[in-house]
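Chemist: So I've got this file, run-v6.cif, and it contains mmCIF, C-alpha atoms:
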```cif
data_data
loop_
_atom_site.label_atom_id
_atom_site.label_comp_id
_atom_site.auth_asym_id
_atom_site.auth_seq_id
_atom_site.Cartn_x
_atom_site.Cartn_y
_atom_site.Cartn_z
CA MET A 387 10.21 -22.66 17.66
CA ASP A 388 7.62 -22.46 20.38
CA ILE A 389 4.82 -24.63 19.02
CA GLU A 390 2.82 -24.36 22.23
CA LEU A 391 2.66 -20.58 21.98
CA MET A 392 1.53 -20.86 18.38
CA ILE A 393 -1.32 -23.19 19.36
CA ASN A 394 -2.28 -21.06 22.36
CA SER A 395 -2.30 -17.79 20.46
CA PHE A 396 -4.31 -19.16 17.56
CA PRO A 397 -7.79 -18.81 19.15
CA LYS A 398 -6.97 -15.29 20.39
CA LEU A 399 -5.81 -14.26 16.93
CA LEU A 400 -8.79 -15.90 15.30
CA ASN A 401 -11.08 -13.95 17.60
CA ALA A 402 -9.33 -10.72 16.60
CA THR A 403 -9.80 -11.67 12.95
CA LEU A 404 -13.52 -11.03 13.45
CA ILE A 405 -12.80 -7.35 14.11
CA THR A 406 -10.55 -7.22 11.06
CA LEU A 407 -13.29 -8.72 8.91
CA LYS A 408 -15.90 -6.37 10.35
CA LEU A 409 -13.71 -3.34 9.63
CA LEU A 410 -13.00 -4.65 6.14
CA SER A 411 -16.58 -5.39 5.15
CA VAL A 412 -18.12 -2.19 6.52
CA SER A 413 -15.47 0.04 4.95
CA LEU A 414 -15.65 -1.80 1.63
CA ILE A 415 -19.41 -1.28 1.41
CA LEU A 416 -19.17 2.40 2.34
CA GLY A 417 -16.12 2.81 0.12
CA LEU A 418 -17.92 1.33 -2.84
CA LEU A 419 -20.76 3.83 -2.45
CA ILE A 420 -18.32 6.73 -2.06
CA GLY A 421 -16.29 5.48 -4.99
CA LEU A 422 -19.33 5.16 -7.22
CA GLY A 423 -20.44 8.67 -6.29
CA PHE A 424 -17.06 10.21 -7.05
CA ALA A 425 -16.66 8.21 -10.27
CA ILE A 426 -19.94 9.72 -11.47
CA LEU A 427 -18.73 13.18 -10.44
CA ARG A 428 -15.48 12.61 -12.33
CA MET A 429 -17.41 12.03 -15.54
CA ASN A 430 -19.39 15.23 -15.06
CA ASN A 431 -18.79 17.88 -17.71
CA ASN A 432 -18.74 20.69 -15.17
CA LYS A 433 -15.05 21.49 -14.66
CA LEU A 434 -15.42 22.53 -11.03
CA ILE A 435 -17.17 19.31 -9.99
CA ASN A 436 -14.65 17.35 -12.01
CA LYS A 437 -11.70 19.07 -10.31
CA PHE A 438 -13.25 18.51 -6.89
CA ALA A 439 -13.61 14.77 -7.48
CA TYR A 440 -10.08 14.60 -8.88
CA GLY A 441 -8.72 16.51 -5.88
CA TYR A 442 -10.43 14.10 -3.49
CA SER A 443 -8.91 11.03 -5.08
CA TYR A 444 -5.52 12.74 -5.48
CA ILE A 445 -5.30 13.69 -1.81
CA PHE A 446 -6.41 10.32 -0.49
CA ARG A 447 -4.18 8.39 -2.86
CA GLY A 448 -1.20 10.66 -2.32
CA THR A 449 -1.03 10.48 1.47
CA PRO A 450 -0.43 7.46 3.70
CA LEU A 451 -3.49 5.84 5.26
CA LEU A 452 -1.85 6.29 8.67
CA VAL A 453 -1.96 10.09 8.30
CA GLN A 454 -5.63 9.91 7.35
CA ILE A 455 -6.52 7.84 10.40
CA PHE A 456 -4.55 10.13 12.70
CA ILE A 457 -6.18 13.28 11.28
CA ILE A 458 -9.63 11.80 11.82
CA TYR A 459 -9.00 10.19 15.20
CA PHE A 460 -6.69 12.70 16.90
CA GLY A 461 -7.25 15.78 14.76
CA LEU A 462 -11.01 16.17 14.41
CA GLY A 463 -11.59 15.86 18.15
CA GLN A 464 -9.75 19.12 18.52
CA ILE A 465 -12.46 21.14 16.79
CA GLU A 466 -14.66 22.43 19.61
CA TYR A 467 -17.68 22.81 17.42
CA LEU A 468 -17.65 19.14 16.40
CA ARG A 469 -17.79 18.09 20.03
CA THR A 470 -21.20 19.68 20.42
CA THR A 471 -22.78 18.04 17.39
CA PHE A 472 -24.09 14.51 17.09
CA LEU A 473 -21.01 13.68 14.98
CA TRP A 474 -19.04 13.48 18.21
CA VAL A 475 -20.84 10.29 19.17
CA VAL A 476 -19.25 8.72 16.10
CA LEU A 477 -15.89 10.49 16.18
CA LYS A 478 -14.99 9.63 19.76
CA GLU A 479 -15.05 5.93 18.96
CA PRO A 480 -11.77 4.66 17.47
CA TYR A 481 -13.78 1.96 15.67
CA TRP A 482 -15.84 4.48 13.69
CA CYS A 483 -12.84 6.73 13.08
CA ALA A 484 -11.01 3.80 11.54
CA ILE A 485 -14.02 2.95 9.42
CA ILE A 486 -14.38 6.55 8.20
CA ALA A 487 -10.69 6.69 7.28
CA PHE A 488 -10.75 3.30 5.55
CA SER A 489 -13.95 4.07 3.62
CA LEU A 490 -12.69 7.43 2.41
CA ASN A 491 -9.38 5.86 1.42
CA THR A 492 -10.80 2.87 -0.42
CA GLY A 493 -13.46 5.18 -1.89
CA ALA A 494 -10.71 7.22 -3.56
CA TYR A 495 -9.10 4.15 -5.13
CA THR A 496 -12.47 2.66 -6.07
CA SER A 497 -13.53 5.88 -7.80
CA GLU A 498 -10.43 5.65 -10.01
CA ILE A 499 -11.08 1.98 -10.78
CA LEU A 500 -14.73 2.62 -11.63
CA ARG A 501 -13.95 5.74 -13.65
CA SER A 502 -11.54 3.89 -15.89
CA ALA A 503 -14.06 1.04 -16.17
CA PHE A 504 -16.80 3.46 -17.25
CA GLN A 505 -14.48 5.05 -19.76
CA THR A 506 -13.60 1.77 -21.44
CA ILE A 507 -17.26 1.05 -22.23
CA LYS A 508 -17.61 1.22 -25.99
CA PRO A 509 -19.74 4.21 -27.07
CA GLY A 510 -21.56 1.82 -29.38
CA TYR A 511 -23.36 0.25 -26.43
CA LEU A 512 -24.68 3.60 -25.26
CA GLU A 513 -25.63 4.62 -28.77
CA ALA A 514 -27.43 1.33 -29.26
CA GLY A 515 -29.31 1.94 -26.03
CA LYS A 516 -30.23 5.47 -27.06
CA SER A 517 -31.38 4.49 -30.52
CA LEU A 518 -33.62 1.86 -28.98
CA GLY A 519 -35.22 4.67 -27.00
CA ILE A 520 -34.14 3.47 -23.58
CA PRO A 521 -34.24 6.28 -20.99
CA SER A 522 -30.77 7.42 -19.91
CA LYS A 523 -31.38 6.39 -16.30
CA ILE A 524 -31.98 2.82 -17.38
CA ILE A 525 -29.02 2.93 -19.75
CA PHE A 526 -26.92 3.85 -16.73
CA THR A 527 -28.25 1.22 -14.34
CA LYS A 528 -28.79 -1.62 -16.79
CA ILE A 529 -26.00 -1.13 -19.32
CA GLN A 530 -23.20 1.02 -17.91
CA ILE A 531 -23.10 -0.29 -14.36
CA PRO A 532 -23.11 -4.03 -15.17
CA ILE A 533 -20.37 -3.58 -17.79
CA ALA A 534 -18.33 -1.40 -15.45
CA ILE A 535 -18.58 -3.98 -12.67
CA LYS A 536 -17.29 -6.70 -14.96
CA GLN A 537 -14.50 -4.50 -16.27
CA SER A 538 -13.33 -3.45 -12.85
CA LEU A 539 -13.39 -6.84 -11.10
CA PRO A 540 -9.64 -7.64 -11.37
CA ALA A 541 -8.55 -4.18 -10.19
CA TYR A 542 -11.19 -4.16 -7.46
CA GLY A 543 -9.99 -7.56 -6.23
CA ASN A 544 -6.56 -6.04 -5.71
CA GLU A 545 -8.12 -3.14 -3.89
CA ILE A 546 -9.94 -5.52 -1.50
CA ILE A 547 -6.64 -7.20 -0.67
CA LEU A 548 -4.92 -3.83 -0.18
CA MET A 549 -7.76 -2.81 2.11
CA LEU A 550 -7.48 -6.04 4.10
CA LYS A 551 -3.86 -5.13 4.71
CA GLY A 552 -4.88 -1.56 5.41
CA THR A 553 -7.17 -2.60 8.26
CA SER A 554 -4.02 -3.54 10.20
CA LEU A 555 -3.56 0.20 10.80
CA ALA A 556 -6.59 0.13 13.08
CA SER A 557 -4.21 -1.22 15.70
CA THR A 558 -2.52 2.21 15.83
CA VAL A 559 -5.71 3.77 17.21
CA THR A 560 -6.04 1.23 20.05
CA LEU A 561 -8.30 -1.23 18.22
CA MET A 562 -7.46 -4.85 18.88
CA ASP A 563 -7.70 -6.27 15.39
CA LEU A 564 -5.57 -9.17 14.14
CA THR A 565 -2.40 -7.08 13.93
CA GLY A 566 -3.15 -5.37 17.23
CA VAL A 567 -3.48 -8.67 19.10
CA ALA A 568 -0.43 -10.07 17.28
CA LYS A 569 1.61 -7.08 18.41
CA TYR A 570 0.33 -7.47 21.96
CA ILE A 571 1.34 -11.15 22.05
CA ILE A 572 4.74 -10.36 20.50
CA SER A 573 5.49 -7.62 23.01
CA THR A 574 4.50 -9.80 25.99
CA THR A 575 6.23 -13.02 24.90
CA PHE A 576 9.05 -11.69 22.68
CA LYS A 577 8.47 -14.49 20.20
CA PRO A 578 7.96 -12.48 16.99
CA VAL A 579 8.59 -15.28 14.52
CA GLU A 580 5.99 -17.68 15.94
CA VAL A 581 3.29 -15.03 16.18
CA PHE A 582 4.14 -13.72 12.73
CA ILE A 583 3.69 -17.19 11.26
CA VAL A 584 0.24 -17.64 12.83
CA ALA A 585 -1.06 -14.11 12.19
CA GLY A 586 0.52 -13.95 8.75
CA GLY A 587 -0.99 -17.34 7.97
CA ILE A 588 -4.47 -16.06 8.83
CA TYR A 589 -3.96 -13.00 6.61
CA LEU A 590 -2.65 -15.16 3.78
CA PHE A 591 -5.64 -17.47 4.11
CA MET A 592 -7.98 -14.48 3.80
CA THR A 593 -6.13 -13.09 0.75
CA PHE A 594 -6.26 -16.57 -0.76
CA ILE A 595 -10.04 -16.74 -0.31
CA ILE A 596 -10.58 -13.21 -1.68
CA HIS A 597 -8.32 -13.93 -4.63
CA ASN A 598 -10.23 -17.08 -5.53
CA VAL A 599 -13.68 -15.56 -5.08
CA ILE A 600 -12.71 -12.73 -7.44
CA LYS A 601 -11.27 -15.23 -9.91
CA TYR A 602 -14.52 -17.20 -9.78
CA LEU A 603 -16.60 -14.06 -10.32
CA GLU A 604 -14.38 -13.02 -13.22
CA LYS A 605 -14.98 -16.36 -14.85
CA LYS A 606 -18.68 -16.35 -14.13
CA TYR A 607 -19.27 -12.86 -15.45
CA GLY A 608 -16.54 -13.20 -18.06
CA PHE A 609 -17.04 -10.54 -20.58
CA GLN A 610 -15.37 -9.89 -23.92
CA THR A 611 -15.37 -6.45 -25.41
CA MET B 594 1.91 29.52 11.50
CA GLU B 595 4.15 30.24 14.47
CA LEU B 596 4.23 26.51 14.98
CA LEU B 597 6.26 26.15 11.81
CA TYR B 598 9.03 28.63 12.72
CA PHE B 599 12.56 27.38 12.47
CA GLY B 600 14.61 27.28 15.66
CA ASP B 601 13.50 26.78 19.26
CA LYS B 602 10.08 28.33 18.91
CA GLY B 603 8.61 26.28 16.13
CA TRP B 604 8.73 22.86 14.58
CA GLY B 605 9.84 23.96 11.12
CA ASP B 606 13.41 22.68 11.28
CA GLU B 607 12.39 19.42 12.99
CA LEU B 608 9.80 18.73 10.32
CA PHE B 609 12.29 19.65 7.60
CA PHE B 610 14.81 17.10 8.86
CA ALA B 611 12.03 14.56 9.36
CA THR B 612 11.11 15.01 5.69
CA LEU B 613 14.72 14.40 4.71
CA MET B 614 14.61 11.26 6.86
CA THR B 615 11.49 10.04 5.07
CA ILE B 616 13.20 10.60 1.72
CA ALA B 617 16.36 8.82 2.93
CA VAL B 618 14.41 5.81 4.23
CA SER B 619 12.35 5.59 1.04
CA ILE B 620 15.41 5.67 -1.21
CA THR B 621 17.31 3.15 0.92
CA ALA B 622 14.26 0.88 1.02
CA MET B 623 13.84 1.18 -2.73
CA ILE B 624 17.49 0.19 -3.28
CA ILE B 625 17.20 -2.75 -0.86
CA GLY B 626 14.02 -3.67 -2.74
CA PHE B 627 15.92 -3.66 -6.04
CA ILE B 628 18.52 -5.98 -4.56
CA PHE B 629 15.77 -8.37 -3.45
CA ALA B 630 14.11 -8.04 -6.85
CA ALA B 631 17.40 -8.82 -8.60
CA LEU B 632 17.66 -11.98 -6.49
CA PHE B 633 14.07 -13.15 -6.78
CA THR B 634 13.12 -12.21 -10.35
CA PRO B 635 15.40 -14.91 -11.84
CA LEU B 636 13.89 -17.38 -9.36
CA LYS B 637 10.36 -16.52 -10.41
CA LEU B 638 11.27 -17.00 -14.06
CA SER B 639 13.29 -20.15 -13.48
CA ASN B 640 12.14 -23.47 -14.91
CA ASN B 641 13.27 -25.32 -11.82
CA LYS B 642 10.14 -25.95 -9.76
CA PHE B 643 11.86 -25.63 -6.40
CA LEU B 644 13.52 -22.29 -7.20
CA ASN B 645 10.30 -21.11 -8.74
CA SER B 646 8.30 -21.86 -5.60
CA ILE B 647 10.82 -19.95 -3.46
CA GLY B 648 10.33 -16.91 -5.68
CA ASN B 649 6.56 -17.27 -5.57
CA ALA B 650 6.52 -17.75 -1.80
CA TYR B 651 8.41 -14.49 -1.30
CA THR B 652 6.07 -12.35 -3.39
CA THR B 653 2.90 -14.08 -2.19
CA VAL B 654 3.69 -13.88 1.51
CA ILE B 655 4.94 -10.31 1.47
CA ARG B 656 2.11 -9.02 -0.69
CA GLY B 657 -0.51 -10.90 1.32
CA VAL B 658 0.53 -9.88 4.83
CA PRO B 659 0.04 -6.35 6.20
CA GLU B 660 3.11 -4.12 6.12
CA LEU B 661 2.71 -3.35 9.80
CA LEU B 662 3.02 -7.05 10.70
CA VAL B 663 6.25 -7.34 8.68
CA ILE B 664 7.62 -4.26 10.44
CA TYR B 665 6.76 -5.71 13.86
CA LEU B 666 8.52 -8.95 12.87
CA PHE B 667 11.76 -7.12 12.11
CA PHE B 668 11.39 -4.58 14.89
CA PHE B 669 10.94 -7.21 17.60
CA GLY B 670 12.79 -10.03 15.91
CA GLY B 671 15.62 -8.19 14.16
CA SER B 672 18.08 -7.84 17.00
CA GLY B 673 17.26 -11.36 18.21
CA ALA B 674 18.14 -12.79 14.81
CA ILE B 675 21.37 -10.79 14.59
CA MET B 676 22.33 -11.82 18.12
CA PHE B 677 21.69 -15.43 17.23
CA VAL B 678 24.01 -15.19 14.23
CA ALA B 679 26.59 -13.34 16.32
CA SER B 680 26.44 -15.99 19.04
CA ILE B 681 27.49 -18.60 16.48
CA PHE B 682 30.64 -16.58 16.00
CA GLY B 683 31.13 -16.37 19.75
CA TYR B 684 29.80 -12.85 20.37
CA ASN B 685 27.25 -12.90 23.16
CA ASP B 686 26.62 -9.28 24.12
CA TYR B 687 23.35 -7.50 23.43
CA ILE B 688 23.18 -5.97 19.98
CA GLU B 689 20.72 -3.25 19.21
CA ILE B 690 20.07 -2.47 15.58
CA ASN B 691 19.60 1.04 14.46
CA ALA B 692 15.96 2.01 13.80
CA PHE B 693 16.91 3.37 10.39
CA LEU B 694 18.31 0.02 9.30
CA THR B 695 15.39 -2.01 10.67
CA GLY B 696 12.95 0.38 9.04
CA SER B 697 14.55 0.53 5.63
CA PHE B 698 15.15 -3.20 5.64
CA SER B 699 11.54 -4.09 6.43
CA ILE B 700 10.13 -1.57 3.96
CA GLY B 701 12.79 -2.73 1.48
CA ILE B 702 11.62 -6.33 1.67
CA ILE B 703 8.04 -5.19 1.04
CA SER B 704 8.98 -2.93 -1.86
CA GLY B 705 11.20 -5.72 -3.21
CA ALA B 706 8.20 -8.01 -3.58
CA TYR B 707 6.39 -5.42 -5.68
CA SER B 708 9.53 -4.67 -7.72
CA THR B 709 10.01 -8.39 -8.37
CA GLU B 710 6.54 -8.58 -9.91
CA VAL B 711 7.23 -5.48 -12.00
CA PHE B 712 10.55 -6.82 -13.34
CA ARG B 713 9.06 -10.23 -14.02
CA GLY B 714 6.22 -8.69 -15.98
CA ALA B 715 8.59 -6.42 -17.92
CA LEU B 716 10.99 -9.24 -18.79
CA GLN B 717 8.15 -11.47 -19.91
CA SER B 718 6.71 -8.86 -22.22
CA ILE B 719 9.96 -8.32 -24.12
CA ASP B 720 9.67 -9.96 -27.53
CA LYS B 721 11.33 -13.38 -27.55
CA GLY B 722 13.05 -12.53 -30.81
CA GLN B 723 15.18 -9.98 -28.97
CA PHE B 724 16.72 -12.64 -26.73
CA GLU B 725 17.23 -15.02 -29.65
CA ALA B 726 18.68 -12.35 -31.95
CA ALA B 727 21.14 -11.24 -29.27
CA LYS B 728 22.25 -14.83 -28.78
CA VAL B 729 22.51 -15.58 -32.48
CA LEU B 730 24.64 -12.50 -33.06
CA GLY B 731 27.03 -13.84 -30.45
CA PHE B 732 27.08 -10.86 -28.09
CA ASN B 733 28.85 -11.50 -24.82
CA LYS B 734 26.83 -11.72 -21.62
CA TYR B 735 27.51 -8.13 -20.57
CA ILE B 736 26.24 -6.59 -23.79
CA TYR B 737 23.42 -9.12 -23.96
CA PHE B 738 22.02 -8.06 -20.62
CA PHE B 739 23.03 -4.43 -20.12
CA LYS B 740 22.77 -3.15 -23.69
CA ILE B 741 19.92 -5.18 -25.13
CA ILE B 742 17.64 -6.60 -22.46
CA LEU B 743 17.93 -4.04 -19.64
CA PRO B 744 17.06 -0.90 -21.67
CA GLN B 745 13.97 -2.58 -23.09
CA MET B 746 13.01 -3.88 -19.68
CA LEU B 747 13.38 -0.46 -18.06
CA ARG B 748 11.12 1.15 -20.62
CA LEU B 749 8.37 -1.27 -19.68
CA ALA B 750 9.17 -1.28 -15.96
CA ILE B 751 9.49 2.43 -15.19
CA PRO B 752 5.77 3.34 -15.17
CA ASN B 753 5.11 0.47 -12.73
CA LEU B 754 8.23 1.20 -10.71
CA SER B 755 6.96 4.70 -10.10
CA ASN B 756 3.88 3.08 -8.56
CA VAL B 757 6.16 0.98 -6.37
CA TRP B 758 7.98 4.15 -5.36
CA GLN B 759 4.67 5.75 -4.35
CA ILE B 760 3.74 2.70 -2.28
CA THR B 761 7.18 2.63 -0.65
CA LEU B 762 7.09 6.33 0.15
CA LYS B 763 3.71 5.97 1.84
CA ASP B 764 4.75 2.78 3.64
CA THR B 765 7.61 4.60 5.35
CA SER B 766 4.99 6.34 7.50
CA LEU B 767 4.49 2.96 9.21
CA ILE B 768 8.07 2.89 10.49
CA SER B 769 7.04 5.61 12.90
CA VAL B 770 5.82 2.77 15.18
CA THR B 771 9.45 1.76 15.69
CA GLY B 772 10.40 5.25 16.87
CA LEU B 773 12.40 6.39 13.86
CA VAL B 774 11.87 10.15 13.61
CA GLU B 775 10.44 10.64 10.14
CA ILE B 776 7.48 12.85 9.14
CA MET B 777 4.85 10.82 10.98
CA ARG B 778 6.84 10.39 14.18
CA GLN B 779 7.85 14.04 14.25
CA SER B 780 4.25 15.11 13.76
CA TYR B 781 3.23 12.77 16.57
CA ILE B 782 5.82 14.34 18.89
CA ALA B 783 4.85 17.87 17.85
CA ALA B 784 1.14 17.13 18.17
CA GLY B 785 1.71 15.69 21.65
CA SER B 786 3.65 18.64 22.98
CA THR B 787 1.57 21.41 21.42
CA ARG B 788 -1.81 19.67 21.71
CA ASP B 789 -2.52 20.61 18.16
CA PRO B 790 -2.82 17.26 16.35
CA LEU B 791 -5.14 18.55 13.63
CA PHE B 792 -2.58 21.06 12.41
CA PHE B 793 0.44 18.78 12.53
CA TYR B 794 -1.17 15.73 10.97
CA SER B 795 -2.68 17.88 8.23
CA PHE B 796 0.74 19.39 7.67
CA ALA B 797 2.20 15.88 7.49
CA ALA B 798 -0.40 15.07 4.83
CA VAL B 799 0.70 18.17 2.89
CA LEU B 800 4.34 17.10 3.14
CA TYR B 801 3.50 13.63 1.81
CA LEU B 802 1.45 15.15 -1.01
CA MET B 803 4.38 17.38 -1.93
CA LEU B 804 6.74 14.42 -1.93
CA THR B 805 4.45 12.29 -4.10
CA PHE B 806 3.78 15.20 -6.45
CA LEU B 807 7.44 16.13 -6.90
CA SER B 808 8.60 12.55 -7.32
CA MET B 809 5.90 11.92 -9.92
CA GLN B 810 7.17 14.89 -11.92
CA LEU B 811 10.71 13.48 -11.86
CA LEU B 812 9.59 9.96 -12.70
CA ASN B 813 7.45 11.14 -15.60
CA ARG B 814 10.53 12.79 -17.06
CA LEU B 815 12.44 9.54 -16.68
CA GLU B 816 9.60 7.73 -18.35
CA THR B 817 9.70 9.96 -21.43
CA LYS B 818 13.47 9.60 -21.54
CA TYR B 819 13.33 5.83 -21.62
CA SER B 820 10.45 5.60 -24.05
CA LYS B 821 12.24 7.68 -26.69
CA GLY B 822 11.76 6.15 -30.07
CA TYR B 823 8.43 4.60 -29.23
#
```
Here is the file; what I need is its structure written in the form of structure tokens.
Modeler:
Amino acid sequence: MDIELMINSFPKLLNATLITLKLLSVSLILGLLIGLGFAILRMNNNKLINKFAYGYSYIFRGTPLLVQIFIIYFGLGQIEYLRTTFLWVVLKEPYWCAIIAFSLNTGAYTSEILRSAFQTIKPGYLEAGKSLGIPSKIIFTKIQIPIAIKQSLPAYGNEIILMLKGTSLASTVTLMDLTGVAKYIISTTFKPVEVFIVAGGIYLFMTFIIHNVIKYLEKKYGFQT
Amino acid sequence: MELLYFGDKGWGDELFFATLMTIAVSITAMIIGFIFAALFTPLKLSNNKFLNSIGNAYTTVIRGVPELLVIYLFFFGGSGAIMFVASIFGYNDYIEINAFLTGSFSIGIISGAYSTEVFRGALQSIDKGQFEAAKVLGFNKYIYFFKIILPQMLRLAIPNLSNVWQITLKDTSLISVTGLVEIMRQSYIAAGSTRDPLFFYSFAAVLYLMLTFLSMQLLNRLETKYSKGY
């Protein structure tokens, strides 16, 4: 056990954790918006729109995240037309490519979580809202969304943790996130166990925090149907 | 489409064998995972606090740390650990472990943690009366476990195990970082030499979709088979 290496690598790894957290938070926010959009599309009565939303979530949930990152980072740059548009400013940066891939991926899972949450809302609530003459827009924002958020908290907490682990794939497109730096230190020092303990410990600490925050929110917004 | 021809001109045969490799790694990893689950599920359900915490540590650590980090640990640390054990027995030469073994072992440990949780949940949701009735009727241990508990556990576990299978199948793409030629690695090689990454990575995505789709069909059949009578 090389304790000195563990102490020396800790600040470097902690610094890289910032990138991991940045990737995680930005893609979670974008993913939540995408997920909400597709969950609404999934509940649409139009079959074509419904199928499209289902296809999106099926494709992104059925393929590895690594493939998605590689298609966006290596693949899209190949299209000549894209290089001339403003999108190229975004797509040539590995950071933004990773964020696009992560957001689309977590968006697919989130849409499924939200869809099932919306579907478990008792029709009585909506009927009560309607019979009180509340406009359907307000029924959606003030009744359906708050209930859906409460219903989906446990599943969404898992998704956040899965996404935290997913951000480690950013290291495959040259980003130096926590896993990227850990790999760099391992391959220069050949001390995998020590580095694994420190980097793994940081990841575990983050999952621990996320887990407890979600638990607290579940309790706070505890909701019985 | 020429890129997909079989033989020297295209990458069809290479990608076909790479797909077989992905399937082989996934199945091996799943079996290794079951072995780990068989070891750790009793620990997680044990009343002994020490054994219990070992079981919990396994599932918590593995499920809380990125798969890629676990793979790096075994990729860089695997041969070192084996050499250390071998040196105790007086063998001091360099030992290199096969990429297939490292890959399936590291994915197996990850899938084992998920399987452990599935088995634990399934065992806990079997009605207590079933255990007691089997004991009262004086069945021997073999019948008790294999004929009474296991079939009921499988019925509850199979839907979740098919999720674990999906996760494992997708996780095998990460072994490509160790150089094992499965779908992802083969696409990387093909994309590099033809300069057509968009096509090959999209094709890899199609292959994975086909694998997940086909395996879901099979698993759904298994699910209906085991839930007969319910």
Chemist: Counting all atoms listed in the file, which residues have an atom no more than 12 Å from (-3.5, -20.0, 15.9) in the file's coordinates? Please list them as a ChimeraX atom specification.
Modeler: /A:389-403,564,567-568,571,580-589
Chemist: Which residues, named as in the file, does the PyMOL selection byres ((chain B) within 9 of (chain A)) pick out? Answer as a PDB file with C-alpha atoms, in the frame of the given file.
Modeler:
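The resulting file, out_34.pdb, is shown below:
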```pdb
ATOM      1  CA  THR B 653       2.900 -14.080  -2.190  1.00  0.00           C
ATOM      2  CA  VAL B 654       3.690 -13.880   1.510  1.00  0.00           C
ATOM      3  CA  ARG B 656       2.110  -9.020  -0.690  1.00  0.00           C
ATOM      4  CA  GLY B 657      -0.510 -10.900   1.320  1.00  0.00           C
ATOM      5  CA  VAL B 658       0.530  -9.880   4.830  1.00  0.00           C
ATOM      6  CA  PRO B 659       0.040  -6.350   6.200  1.00  0.00           C
ATOM      7  CA  GLU B 660       3.110  -4.120   6.120  1.00  0.00           C
ATOM      8  CA  LEU B 661       2.710  -3.350   9.800  1.00  0.00           C
ATOM      9  CA  LEU B 662       3.020  -7.050  10.700  1.00  0.00           C
ATOM     10  CA  VAL B 663       6.250  -7.340   8.680  1.00  0.00           C
ATOM     11  CA  TYR B 665       6.760  -5.710  13.860  1.00  0.00           C
ATOM     12  CA  LEU B 666       8.520  -8.950  12.870  1.00  0.00           C
ATOM     13  CA  PHE B 667      11.760  -7.120  12.110  1.00  0.00           C
ATOM     14  CA  PHE B 668      11.390  -4.580  14.890  1.00  0.00           C
ATOM     15  CA  PHE B 669      10.940  -7.210  17.600  1.00  0.00           C
ATOM     16  CA  GLY B 670      12.790 -10.030  15.910  1.00  0.00           C
ATOM     17  CA  GLN B 759       4.670   5.750  -4.350  1.00  0.00           C
ATOM     18  CA  ILE B 760       3.740   2.700  -2.280  1.00  0.00           C
ATOM     19  CA  LEU B 762       7.090   6.330   0.150  1.00  0.00           C
ATOM     20  CA  LYS B 763       3.710   5.970   1.840  1.00  0.00           C
ATOM     21  CA  ASP B 764       4.750   2.780   3.640  1.00  0.00           C
ATOM     22  CA  THR B 765       7.610   4.600   5.350  1.00  0.00           C
ATOM     23  CA  SER B 766       4.990   6.340   7.500  1.00  0.00           C
ATOM     24  CA  LEU B 767       4.490   2.960   9.210  1.00  0.00           C
ATOM     25  CA  VAL B 770       5.820   2.770  15.180  1.00  0.00           C
ATOM     26  CA  MET B 777       4.850  10.820  10.980  1.00  0.00           C
ATOM     27  CA  ARG B 788      -1.810  19.670  21.710  1.00  0.00           C
ATOM     28  CA  ASP B 789      -2.520  20.610  18.160  1.00  0.00           C
ATOM     29  CA  PRO B 790      -2.820  17.260  16.350  1.00  0.00           C
ATOM     30  CA  LEU B 791      -5.140  18.550  13.630  1.00  0.00           C
ATOM     31  CA  PHE B 792      -2.580  21.060  12.410  1.00  0.00           C
ATOM     32  CA  PHE B 793       0.440  18.780  12.530  1.00  0.00           C
ATOM     33  CA  TYR B 794      -1.170  15.730  10.970  1.00  0.00           C
ATOM     34  CA  SER B 795      -2.680  17.880   8.230  1.00  0.00           C
ATOM     35  CA  ALA B 797       2.200  15.880   7.490  1.00  0.00           C
ATOM     36  CA  ALA B 798      -0.400  15.070   4.830  1.00  0.00           C
ATOM     37  CA  VAL B 799       0.700  18.170   2.890  1.00  0.00           C
ATOM     38  CA  LEU B 800       4.340  17.100   3.140  1.00  0.00           C
ATOM     39  CA  TYR B 801       3.500  13.630   1.810  1.00  0.00           C
ATOM     40  CA  LEU B 802       1.450  15.150  -1.010  1.00  0.00           C
ATOM     41  CA  MET B 803       4.380  17.380  -1.930  1.00  0.00           C
ATOM     42  CA  LEU B 804       6.740  14.420  -1.930  1.00  0.00           C
ATOM     43  CA  THR B 805       4.450  12.290  -4.100  1.00  0.00           C
ATOM     44  CA  PHE B 806       3.780  15.200  -6.450  1.00  0.00           C
TER      45      PHE B 806
END
```
Chemist: Could you give me, as a list in words, the residues within 10 Å of Leu414 (chain A), counting all atoms listed in the file and dropping anything in the same chain fewer than 5 positions from it?
Modeler: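 Final neighbour list, sorted by chain and number: Lys408, Leu409, Leu419, Ile420, Gly421, Ile485, Phe488, Ser489, Leu490, Asn491, Thr492, Gly493, Thr496, Glu545, Ile546, Met549 and Leu550 of chain A.
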Chemist: If you count all atoms listed in the file, which residues fall within 8 Å of region 617-627 of chain B, apart from same-chain ones fewer than 6 positions away, as a list in words?
Modeler: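 Counting all atoms listed in the file, the residues come to Phe693, Gly696, Ser697, Phe698, Ser699, Ile700, Gly701, Ile702, Ile703, Ser704, Gly705, Ala706, Ser708, Thr709, Trp758, Thr761, Leu762 and Thr765 of chain B.
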Chemist: To verify the selection step, state as a list in words which residues the PyMOL selection byres ((chain A and resi 507) around 12) yields on this input.
Modeler: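 That selection, the PyMOL selection byres ((chain A and resi 507) around 12), comes back as Leu500, Arg501, Ser502, Ala503, Phe504, Gln505, Thr506, Lys508, Pro509, Gly510, Tyr511, Leu512, Glu513, Phe526, Ile529, Gln530, Ile531, Pro532, Ile533, Ala534, Ile535, Lys536, Gln537, Ser538, Phe609, Gln610 and Thr611 of chain A.
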